[in-house]
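This is upload-v1.cif. It holds mmCIF, C-alpha atoms.
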data_final
#
loop_
_atom_site.label_atom_id
_atom_site.label_comp_id
_atom_site.auth_asym_id
_atom_site.auth_seq_id
_atom_site.Cartn_x
_atom_site.Cartn_y
_atom_site.Cartn_z
CA MET A 1302 -2.65 74.02 -19.67
CA ALA A 1303 -1.68 77.44 -18.32
CA GLN A 1304 -2.28 80.34 -20.66
CA ASN A 1305 0.68 82.37 -21.84
CA TYR A 1306 0.32 86.05 -22.70
CA LYS A 1307 1.81 88.34 -25.32
CA VAL A 1308 1.29 92.07 -24.77
CA TYR A 1309 2.16 94.75 -27.32
CA CYS A 1310 3.54 98.10 -26.21
CA ASN A 1311 3.89 100.05 -29.46
CA SER A 1312 6.58 98.09 -31.33
CA ARG A 1313 7.81 96.35 -28.17
CA LEU A 1314 6.64 93.06 -26.68
CA ILE A 1315 6.00 91.66 -23.24
CA TYR A 1316 5.86 87.88 -22.77
CA ILE A 1317 4.29 86.23 -19.73
CA GLY A 1318 4.39 82.47 -19.26
CA ARG A 1319 6.36 79.51 -18.03
CA ALA A 1320 10.07 79.82 -18.79
CA LYS A 1321 10.06 76.79 -21.09
CA ASP A 1322 7.27 78.34 -23.18
CA LEU A 1323 8.82 81.77 -23.75
CA PRO A 1324 11.02 82.61 -26.74
CA ALA A 1325 14.70 82.64 -25.81
CA ARG A 1326 17.83 83.54 -27.73
CA LYS A 1327 20.49 80.89 -28.20
CA GLY A 1328 22.26 80.38 -24.89
CA GLU A 1329 19.77 82.55 -22.97
CA THR A 1330 18.54 81.20 -19.65
CA LEU A 1331 15.22 82.52 -18.40
CA LYS A 1332 14.94 82.62 -14.64
CA ARG A 1333 11.57 82.41 -12.94
CA ILE A 1334 10.54 85.68 -11.29
CA ALA A 1335 8.37 86.12 -8.24
CA ALA A 1336 4.99 87.76 -8.71
CA GLY A 1337 6.14 90.51 -6.35
CA ASP A 1338 8.91 91.51 -8.78
CA VAL A 1339 6.56 92.20 -11.69
CA LYS A 1340 6.03 95.88 -10.87
CA ASN A 1341 9.74 96.69 -10.76
CA GLU A 1342 10.42 94.77 -13.96
CA TRP A 1343 7.67 96.70 -15.76
CA LYS A 1344 8.83 100.08 -14.43
CA ARG A 1345 12.37 99.41 -15.60
CA PHE A 1346 11.14 98.34 -19.04
CA ALA A 1347 8.76 101.30 -19.39
CA ALA A 1348 11.45 103.80 -18.40
CA GLY A 1349 13.78 102.72 -21.19
CA LYS A 1350 13.33 102.49 -24.95
CA LYS A 1351 16.23 100.33 -26.11
CA GLN A 1352 14.91 97.08 -24.63
CA LYS A 1353 12.54 95.64 -27.23
CA GLU A 1354 11.25 92.68 -25.20
CA LEU A 1355 10.33 92.04 -21.58
CA LYS A 1356 10.08 88.41 -20.54
CA LEU A 1357 8.30 87.59 -17.30
CA PRO A 1358 8.75 83.85 -16.70
CA GLY A 1359 6.87 82.27 -13.84
CA ASP A 1360 3.43 80.99 -12.94
CA PRO A 1361 1.41 82.65 -15.74
CA ALA A 1362 -1.75 83.11 -13.67
CA LYS A 1363 0.07 84.73 -10.75
CA VAL A 1364 2.33 86.92 -12.90
CA TRP A 1365 -0.60 88.02 -15.07
CA LYS A 1366 -2.66 88.91 -12.00
CA GLU A 1367 0.11 91.18 -10.70
CA PHE A 1368 0.77 92.64 -14.15
CA LYS A 1369 -2.87 93.66 -14.64
CA LYS A 1370 -2.83 95.58 -11.35
CA LEU A 1371 -0.44 98.07 -12.93
CA PHE A 1372 -2.95 99.31 -15.50
CA ARG A 1373 -6.45 100.54 -16.08
CA MET A 1374 -8.12 97.58 -17.81
CA ILE A 1375 -10.13 98.23 -20.99
CA SER A 1376 -12.33 95.64 -22.72
CA ALA A 1377 -12.91 95.93 -26.46
CA ALA A 1378 -14.05 93.79 -29.37
CA GLY A 1379 -13.86 93.78 -33.13
CA GLY A 1380 -14.19 91.70 -36.23
CA LEU A 1381 -12.33 90.28 -39.19
CA VAL A 1382 -15.09 90.45 -41.79
CA LYS A 1383 -15.07 88.51 -45.05
CA ASN A 1384 -17.43 89.21 -47.94
CA SER A 1385 -18.77 86.92 -50.65
CA ASN A 1386 -15.86 87.88 -52.93
CA GLY A 1387 -13.26 86.60 -50.47
CA LYS A 1388 -12.10 90.08 -49.46
CA TYR A 1389 -11.64 91.40 -45.94
CA LEU A 1390 -12.74 94.66 -44.35
CA LEU A 1391 -9.99 97.00 -43.15
CA ILE A 1392 -10.02 100.58 -41.94
CA TYR A 1393 -7.39 103.30 -42.16
CA ARG A 1394 -7.01 105.36 -39.00
CA ASN A 1395 -4.16 107.30 -37.39
CA GLY A 1396 -1.90 106.48 -40.31
CA LYS A 1397 -2.34 102.72 -39.92
CA TRP A 1398 -4.40 99.95 -41.49
CA ASP A 1399 -6.50 98.31 -38.80
CA LEU A 1400 -9.57 96.18 -38.16
CA PRO A 1401 -12.84 97.71 -36.92
CA LYS A 1402 -13.06 97.49 -33.15
CA GLY A 1403 -14.11 99.48 -30.11
CA LYS A 1404 -14.73 99.55 -26.38
CA GLN A 1405 -17.37 97.40 -24.73
CA ASP A 1406 -20.29 99.37 -23.30
CA LYS A 1407 -21.34 98.72 -19.72
CA GLY A 1408 -23.62 95.68 -19.52
CA GLU A 1409 -23.07 94.81 -23.19
CA ALA A 1410 -22.30 91.26 -24.31
CA ILE A 1411 -18.86 91.15 -25.89
CA ARG A 1412 -20.16 89.55 -29.12
CA THR A 1413 -22.64 92.40 -29.40
CA THR A 1414 -19.80 94.89 -29.01
CA ALA A 1415 -17.90 93.30 -31.88
CA VAL A 1416 -20.85 93.43 -34.29
CA ARG A 1417 -21.88 96.93 -33.23
CA GLU A 1418 -18.41 98.34 -33.75
CA VAL A 1419 -18.15 96.92 -37.27
CA GLU A 1420 -21.57 98.33 -38.13
CA GLU A 1421 -20.78 101.75 -36.68
CA GLU A 1422 -17.24 102.17 -37.99
CA CYS A 1423 -17.85 100.83 -41.49
CA GLY A 1424 -21.59 101.08 -42.17
CA ILE A 1425 -21.75 97.35 -42.91
CA GLY A 1426 -24.68 95.22 -41.73
CA ARG A 1427 -26.04 91.69 -42.22
CA LEU A 1428 -23.14 90.35 -40.18
CA THR A 1429 -22.80 86.80 -38.91
CA ILE A 1430 -20.16 85.68 -36.43
CA THR A 1431 -18.50 82.51 -37.72
CA GLY A 1432 -15.88 81.90 -35.04
CA ARG A 1433 -13.45 83.20 -32.43
CA LEU A 1434 -10.00 84.55 -33.13
CA PRO A 1435 -7.17 84.97 -30.60
CA ASP A 1436 -7.54 87.84 -28.16
CA THR A 1437 -4.91 90.56 -28.34
CA TYR A 1438 -3.48 92.80 -25.62
CA HIS A 1439 -1.81 96.16 -25.95
CA ILE A 1440 -0.71 98.96 -23.68
CA TYR A 1441 -1.35 102.60 -24.48
CA GLU A 1442 -1.72 105.93 -22.73
CA LEU A 1443 -5.22 106.96 -21.67
CA LYS A 1444 -5.73 110.31 -19.98
CA GLY A 1445 -2.13 110.39 -18.87
CA LYS A 1446 -2.12 106.88 -17.42
CA ALA A 1447 -1.14 103.49 -18.80
CA ALA A 1448 -4.06 101.33 -19.91
CA LEU A 1449 -4.08 97.66 -20.88
CA LYS A 1450 -6.66 96.85 -23.52
CA LYS A 1451 -7.91 93.33 -24.16
CA THR A 1452 -9.54 93.03 -27.57
CA HIS A 1453 -11.83 90.08 -28.23
CA TRP A 1454 -11.76 89.22 -31.94
CA TYR A 1455 -14.37 87.42 -34.01
CA ALA A 1456 -14.35 86.07 -37.53
CA MET A 1457 -17.42 87.34 -39.38
CA LYS A 1458 -19.05 87.17 -42.77
CA THR A 1459 -21.50 89.53 -44.39
CA ALA A 1460 -24.20 89.14 -47.00
CA SER A 1461 -24.15 92.89 -47.59
CA ASP A 1462 -22.84 94.18 -50.90
CA LYS A 1463 -22.76 97.79 -49.69
CA LYS A 1464 -19.66 99.91 -50.08
CA PRO A 1465 -18.17 100.53 -46.62
CA VAL A 1466 -18.71 104.00 -45.17
CA PRO A 1467 -15.94 105.12 -42.77
CA GLN A 1468 -17.05 106.67 -39.48
CA LYS A 1469 -15.13 109.91 -39.89
CA GLU A 1470 -16.05 111.27 -36.46
CA GLU A 1471 -13.95 108.39 -35.06
CA GLY A 1472 -10.97 109.47 -37.16
CA ILE A 1473 -11.41 106.73 -39.77
CA LYS A 1474 -10.16 107.98 -43.14
CA ALA A 1475 -11.13 104.91 -45.19
CA ALA A 1476 -12.95 101.58 -44.94
CA VAL A 1477 -12.23 99.19 -47.80
CA TRP A 1478 -12.42 95.58 -48.92
CA LEU A 1479 -8.97 94.10 -49.57
CA SER A 1480 -7.75 90.78 -50.89
CA PRO A 1481 -5.25 88.79 -48.78
CA ALA A 1482 -2.52 89.76 -51.26
CA ALA A 1483 -3.38 93.46 -50.94
CA ILE A 1484 -3.34 93.16 -47.16
CA LYS A 1485 0.11 91.56 -47.18
CA ARG A 1486 1.44 94.46 -49.28
CA ARG A 1487 0.41 96.77 -46.43
CA LYS A 1488 2.19 94.77 -43.71
CA LYS A 1489 4.61 97.57 -42.81
CA ASN A 1490 1.67 99.85 -42.06
CA ILE A 1491 -0.33 97.42 -39.90
CA TYR A 1492 -0.07 97.19 -36.12
CA PRO A 1493 1.90 94.08 -35.06
CA SER A 1494 -0.97 92.85 -32.88
CA VAL A 1495 -3.42 93.10 -35.79
CA TRP A 1496 -0.95 91.54 -38.22
CA GLN A 1497 -1.04 88.37 -36.12
CA LEU A 1498 -4.69 87.98 -37.16
CA LEU A 1499 -4.02 88.70 -40.84
CA LYS A 1500 -0.72 87.03 -41.68
CA ASP A 1501 -2.18 83.63 -42.57
CA LEU A 1502 -5.08 84.83 -44.73
CA LYS A 1503 -5.33 83.16 -48.14
#
Would you write out, as structure tokens, the structure that this file holds?
Amino acid sequence: MAQNYKVYCNSRLIYIGRAKDLPARKGETLKRIAAGDVKNEWKRFAAGKKQKELKLPGDPAKVWKEFKKLFRMISAAGGLVKNSNGKYLLIYRNGKWDLPKGKQDKGEAIRTTAVREVEEECGIGRLTITGRLPDTYHIYELKGKAALKKTHWYAMKTASDKKPVPQKEEGIKAAVWLSPAAIKRRKKNIYPSVWQLLKDLK
């Protein structure tokens, strides 16, 4: 089955996939676009602010290939860490609640990146990866140019009972353990892409 893609651009969304798989408003007809039209569609969307969604229906592999050409690609990884008390590790950075994550170093295995970033950003060790979570994609500005970051997410657990220590040199103001209920109360201050990983926690 062809993979569909959802890309976050601040509070806006870009959908890439077969027309029948993309969300559509009542009465809306999604017309397949040619891969060669992707650049113009993106430029039009990026130039405006009122349009909240961009839908790019077509062959997902071909459309995605053309879409990626428009950006500098960044690979990152992070973790959703659960402790023995059933709480999850979140960080507070740039005025938002987030999960620990960071860029993949050259030659580094992506699983290693995920564990390293949690350890560095929160001072938490004794981590075990317990599974994969959905990858997320988001667009942001990097050195004056648009970058597309793919973040590989892993579910983790820790046997550590240490209090998290935020990596302040990375702009992290706090690193805390939160219950699912406490996380849900912070929904308005969590990035939409990250919320997709947290919304079903119990």
If you apply the PyMOL selection byres ((chain A and resi 1424) around 9) to this file, what residues do you get, as a PDB file with C-alpha atoms, keeping the file's coordinate frame?
ATOM      1  CA  VAL A1419     -18.150  96.920 -37.270  1.00  0.00           C
ATOM      2  CA  GLU A1420     -21.570  98.330 -38.130  1.00  0.00           C
ATOM      3  CA  GLU A1421     -20.780 101.750 -36.680  1.00  0.00           C
ATOM      4  CA  GLU A1422     -17.240 102.170 -37.990  1.00  0.00           C
ATOM      5  CA  CYS A1423     -17.850 100.830 -41.490  1.00  0.00           C
ATOM      6  CA  ILE A1425     -21.750  97.350 -42.910  1.00  0.00           C
ATOM      7  CA  GLY A1426     -24.680  95.220 -41.730  1.00  0.00           C
ATOM      8  CA  LYS A1463     -22.760  97.790 -49.690  1.00  0.00           C
ATOM      9  CA  LYS A1464     -19.660  99.910 -50.080  1.00  0.00           C
ATOM     10  CA  PRO A1465     -18.170 100.530 -46.620  1.00  0.00           C
ATOM     11  CA  VAL A1466     -18.710 104.000 -45.170  1.00  0.00           C
ATOM     12  CA  PRO A1467     -15.940 105.120 -42.770  1.00  0.00           C
ATOM     13  CA  GLN A1468     -17.050 106.670 -39.480  1.00  0.00           C
TER      14      GLN A1468
END
Target residues per the PyMOL selection byres ((chain A and resi 1495) around 12), formatted as JSON, numbers by chain: {"A": [1309, 1311, 1379, 1380, 1381, 1391, 1392, 1397, 1398, 1399, 1400, 1401, 1402, 1434, 1435, 1436, 1437, 1438, 1439, 1452, 1453, 1454, 1484, 1487, 1488, 1489, 1490, 1491, 1492, 1493, 1494, 1496, 1497, 1498, 1499, 1500, 1501]}
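In terms of minimum interatomic distance to Leu1479 in chain A, A:Asn1386 ranks closest within A:Asn1341, A:Ser1376, A:Gln1352, A:Asn1386, counting all atoms listed in the file.
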Selected residue, from A:Lys1404, A:Arg1486, A:Arg1417, A:Lys1340, that lies nearest to Lys1451 in chain A when counting only C-alpha atoms: A:Lys1404
Using only C-alpha atoms: which of A:Leu1331, A:Ala1476, A:Ile1440, A:Val1416 has the shortest distance to Lys1307 in chain A: A:Ile1440
Could the residues of range 1411-1503 of chain A that have an atom at most 10 Å from range 1367-1374 of chain A be listed as a tab-separated table, each with its closest atom pair and the distance in Å to one decimal, counting all atoms listed in the file and ordered by chain and ascending residue number?
residue	atom	partner	partner_atom	distance
A:Ile1440	CA	A:Phe1372	CA	8.5
A:Tyr1441	CA	A:Phe1372	CA	9.7
A:Glu1442	CA	A:Arg1373	CA	9.8
A:Leu1443	CA	A:Arg1373	CA	8.6
A:Lys1446	CA	A:Arg1373	CA	7.8
A:Ala1447	CA	A:Phe1372	CA	5.6
A:Ala1448	CA	A:Arg1373	CA	4.6
A:Leu1449	CA	A:Met1374	CA	5.1
A:Lys1450	CA	A:Met1374	CA	5.9
A:Lys1451	CA	A:Met1374	CA	7.6
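Minimum atom-to-atom distance to Ile1473 in chain A, evaluated using all atoms listed in the file, belongs to A:Gly1396 out of A:Arg1412, A:Gly1396, A:Arg1319, A:Leu1502.
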Starting from the shown file, work through the PyMOL selection byres ((chain A and resi 1460) around 9) and note down what comes out as a short mmCIF file (atom, residue, chain, number, x, y, z; two decimals) with C-alpha atoms, in the coordinates of the input.
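Dumped to part-v7.cif:
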data_model
loop_
_atom_site.label_atom_id
_atom_site.label_comp_id
_atom_site.auth_asym_id
_atom_site.auth_seq_id
_atom_site.Cartn_x
_atom_site.Cartn_y
_atom_site.Cartn_z
CA ASN A 1384 -17.43 89.21 -47.94
CA SER A 1385 -18.77 86.92 -50.65
CA GLY A 1426 -24.68 95.22 -41.73
CA ARG A 1427 -26.04 91.69 -42.22
CA LEU A 1428 -23.14 90.35 -40.18
CA THR A 1429 -22.80 86.80 -38.91
CA LYS A 1458 -19.05 87.17 -42.77
CA THR A 1459 -21.50 89.53 -44.39
CA SER A 1461 -24.15 92.89 -47.59
CA ASP A 1462 -22.84 94.18 -50.90
#
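Nearest to Ala1347 in chain A of all the residues A:Arg1313, A:Lys1503, A:Lys1388, A:Lys1469 is A:Arg1313, based on all atoms listed in the file.
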Shell of 8 Å around Gly1403 in chain A, only C-alpha atoms, local chain residues under 5 positions omitted, as a list of chain:residue names: A:Ala1377, A:Ala1378, A:Gly1379, A:Thr1414, A:Ala1415, A:Glu1418
Go ahead and write the residues just picked, C-alpha atoms, as a PDB file, keeping the file's coordinate frame.
ATOM      1  CA  ALA A1377     -12.910  95.930 -26.460  1.00  0.00           C
ATOM      2  CA  ALA A1378     -14.050  93.790 -29.370  1.00  0.00           C
ATOM      3  CA  GLY A1379     -13.860  93.780 -33.130  1.00  0.00           C
ATOM      4  CA  THR A1414     -19.800  94.890 -29.010  1.00  0.00           C
ATOM      5  CA  ALA A1415     -17.900  93.300 -31.880  1.00  0.00           C
ATOM      6  CA  GLU A1418     -18.410  98.340 -33.750  1.00  0.00           C
TER       7      GLU A1418
END
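Using all atoms listed in the file, every residue with an atom at most 9 Å from the point (3.1, 84.6, -13.4) is listed here: Ile1317, Gly1318, Arg1319, Arg1333, Ile1334, Ala1335, Ala1336, Val1339, Leu1357, Pro1358, Gly1359, Asp1360, Pro1361, Ala1362, Lys1363, Val1364, Trp1365, Lys1366, Glu1367 and Phe1368 of chain A.
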Those same residues, written as a compact mmCIF listing (two decimals), in the frame of the given file with C-alpha atoms?
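Writing done, so here's selection_24.txt:
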# COMPACT_ATOMS: atom_id res chain seq x y z
CA ILE A 1317 4.29 86.23 -19.73
CA GLY A 1318 4.39 82.47 -19.26
CA ARG A 1319 6.36 79.51 -18.03
CA ARG A 1333 11.57 82.41 -12.94
CA ILE A 1334 10.54 85.68 -11.29
CA ALA A 1335 8.37 86.12 -8.24
CA ALA A 1336 4.99 87.76 -8.71
CA VAL A 1339 6.56 92.20 -11.69
CA LEU A 1357 8.30 87.59 -17.30
CA PRO A 1358 8.75 83.85 -16.70
CA GLY A 1359 6.87 82.27 -13.84
CA ASP A 1360 3.43 80.99 -12.94
CA PRO A 1361 1.41 82.65 -15.74
CA ALA A 1362 -1.75 83.11 -13.67
CA LYS A 1363 0.07 84.73 -10.75
CA VAL A 1364 2.33 86.92 -12.90
CA TRP A 1365 -0.60 88.02 -15.07
CA LYS A 1366 -2.66 88.91 -12.00
CA GLU A 1367 0.11 91.18 -10.70
CA PHE A 1368 0.77 92.64 -14.15
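Minimum atom-to-atom distances from A:Lys1356, A:Gly1432, A:Lys1351, A:Ile1411 to Ser1312 in chain A were compared using only C-alpha atoms, and the lowest value belongs to A:Lys1351.
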Can you report as AutoDock Vina command-line options the centre and edge lengths in Å, to one decimal, of an axis-aligned box around the listed atoms of range 1314-1331 of chain A padded with 6 Å on each side?
--center_x 13.3 --center_y 84.9 --center_z -23.1 --size_x 30.0 --size_y 28.3 --size_z 22.2
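Here CA of Arg1326 in chain A and CA of Lys1350 in chain A stand 19.7 Å from one another.
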Å distance separating CA of Cys1310 in chain A from CA of Lys1407 in chain A, one decimal place: 25.7 Å
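Put simply, CA of Pro1481 in chain A is 26.8 Å away from CA of Tyr1306 in chain A.
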Around the point (-18.2, 85.6, -41.1) in the file's coordinates, collect all residues with an atom within 6 Å, using all atoms listed in the file, and return them as a PDB file with C-alpha atoms, in the frame of the given file.
ATOM      1  CA  VAL A1382     -15.090  90.450 -41.790  1.00  0.00           C
ATOM      2  CA  LYS A1383     -15.070  88.510 -45.050  1.00  0.00           C
ATOM      3  CA  THR A1429     -22.800  86.800 -38.910  1.00  0.00           C
ATOM      4  CA  ILE A1430     -20.160  85.680 -36.430  1.00  0.00           C
ATOM      5  CA  THR A1431     -18.500  82.510 -37.720  1.00  0.00           C
ATOM      6  CA  ALA A1456     -14.350  86.070 -37.530  1.00  0.00           C
ATOM      7  CA  MET A1457     -17.420  87.340 -39.380  1.00  0.00           C
ATOM      8  CA  LYS A1458     -19.050  87.170 -42.770  1.00  0.00           C
TER       9      LYS A1458
END
Taking the structure I provided as the source, export range 1349-1396 of chain A with C-alpha atoms, as an mmCIF file, in the first residue's frame.
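Result went into result-v6.cif, see below:
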data_model
loop_
_atom_site.group_PDB
_atom_site.id
_atom_site.type_symbol
_atom_site.label_atom_id
_atom_site.label_comp_id
_atom_site.auth_asym_id
_atom_site.auth_seq_id
_atom_site.Cartn_x
_atom_site.Cartn_y
_atom_site.Cartn_z
ATOM 1 C CA GLY A 1349 -0.103 33.082 1.417
ATOM 2 C CA LYS A 1350 -1.209 32.675 5.019
ATOM 3 C CA LYS A 1351 -4.984 32.288 4.803
ATOM 4 C CA GLN A 1352 -4.937 28.814 3.250
ATOM 5 C CA LYS A 1353 -4.658 26.377 6.159
ATOM 6 C CA GLU A 1354 -4.291 23.169 4.136
ATOM 7 C CA LEU A 1355 -2.549 22.135 0.942
ATOM 8 C CA LYS A 1356 -3.694 18.873 -0.606
ATOM 9 C CA LEU A 1357 -1.483 17.248 -3.213
ATOM 10 C CA PRO A 1358 -3.401 14.248 -4.586
ATOM 11 C CA GLY A 1359 -1.598 11.918 -6.949
ATOM 12 C CA ASP A 1360 0.877 9.067 -6.934
ATOM 13 C CA PRO A 1361 2.271 9.482 -3.389
ATOM 14 C CA ALA A 1362 5.774 8.265 -4.236
ATOM 15 C CA LYS A 1363 6.137 10.576 -7.243
ATOM 16 C CA VAL A 1364 4.589 13.610 -5.558
ATOM 17 C CA TRP A 1365 6.671 13.084 -2.413
ATOM 18 C CA LYS A 1366 9.857 12.789 -4.469
ATOM 19 C CA GLU A 1367 9.187 16.144 -6.133
ATOM 20 C CA PHE A 1368 8.100 17.757 -2.871
ATOM 21 C CA LYS A 1369 11.323 16.786 -1.084
ATOM 22 C CA LYS A 1370 13.392 18.446 -3.815
ATOM 23 C CA LEU A 1371 12.088 21.821 -2.642
ATOM 24 C CA PHE A 1372 13.763 21.622 0.763
ATOM 25 C CA ARG A 1373 16.938 20.904 2.627
ATOM 26 C CA MET A 1374 16.243 17.516 4.235
ATOM 27 C CA ILE A 1375 17.016 17.065 7.944
ATOM 28 C CA SER A 1376 16.921 13.725 9.780
ATOM 29 C CA ALA A 1377 16.168 13.699 13.500
ATOM 30 C CA ALA A 1378 15.012 11.288 16.187
ATOM 31 C CA GLY A 1379 13.483 11.399 19.629
ATOM 32 C CA GLY A 1380 11.637 9.454 22.248
ATOM 33 C CA LEU A 1381 8.400 9.189 24.162
ATOM 34 C CA VAL A 1382 9.757 7.945 27.484
ATOM 35 C CA LYS A 1383 7.626 6.301 30.171
ATOM 36 C CA ASN A 1384 8.813 5.723 33.733
ATOM 37 C CA SER A 1385 7.817 3.081 36.262
ATOM 38 C CA ASN A 1386 5.110 5.395 37.643
ATOM 39 C CA GLY A 1387 3.315 5.602 34.305
ATOM 40 C CA LYS A 1388 4.394 9.182 33.630
ATOM 41 C CA TYR A 1389 5.931 10.542 30.436
ATOM 42 C CA LEU A 1390 8.940 12.780 29.896
ATOM 43 C CA LEU A 1391 8.279 16.183 28.330
ATOM 44 C CA ILE A 1392 10.440 19.247 27.861
ATOM 45 C CA TYR A 1393 9.545 22.934 27.731
ATOM 46 C CA ARG A 1394 11.362 24.889 25.034
ATOM 47 C CA ASN A 1395 10.582 27.991 22.987
ATOM 48 C CA GLY A 1396 7.320 28.455 24.851
#
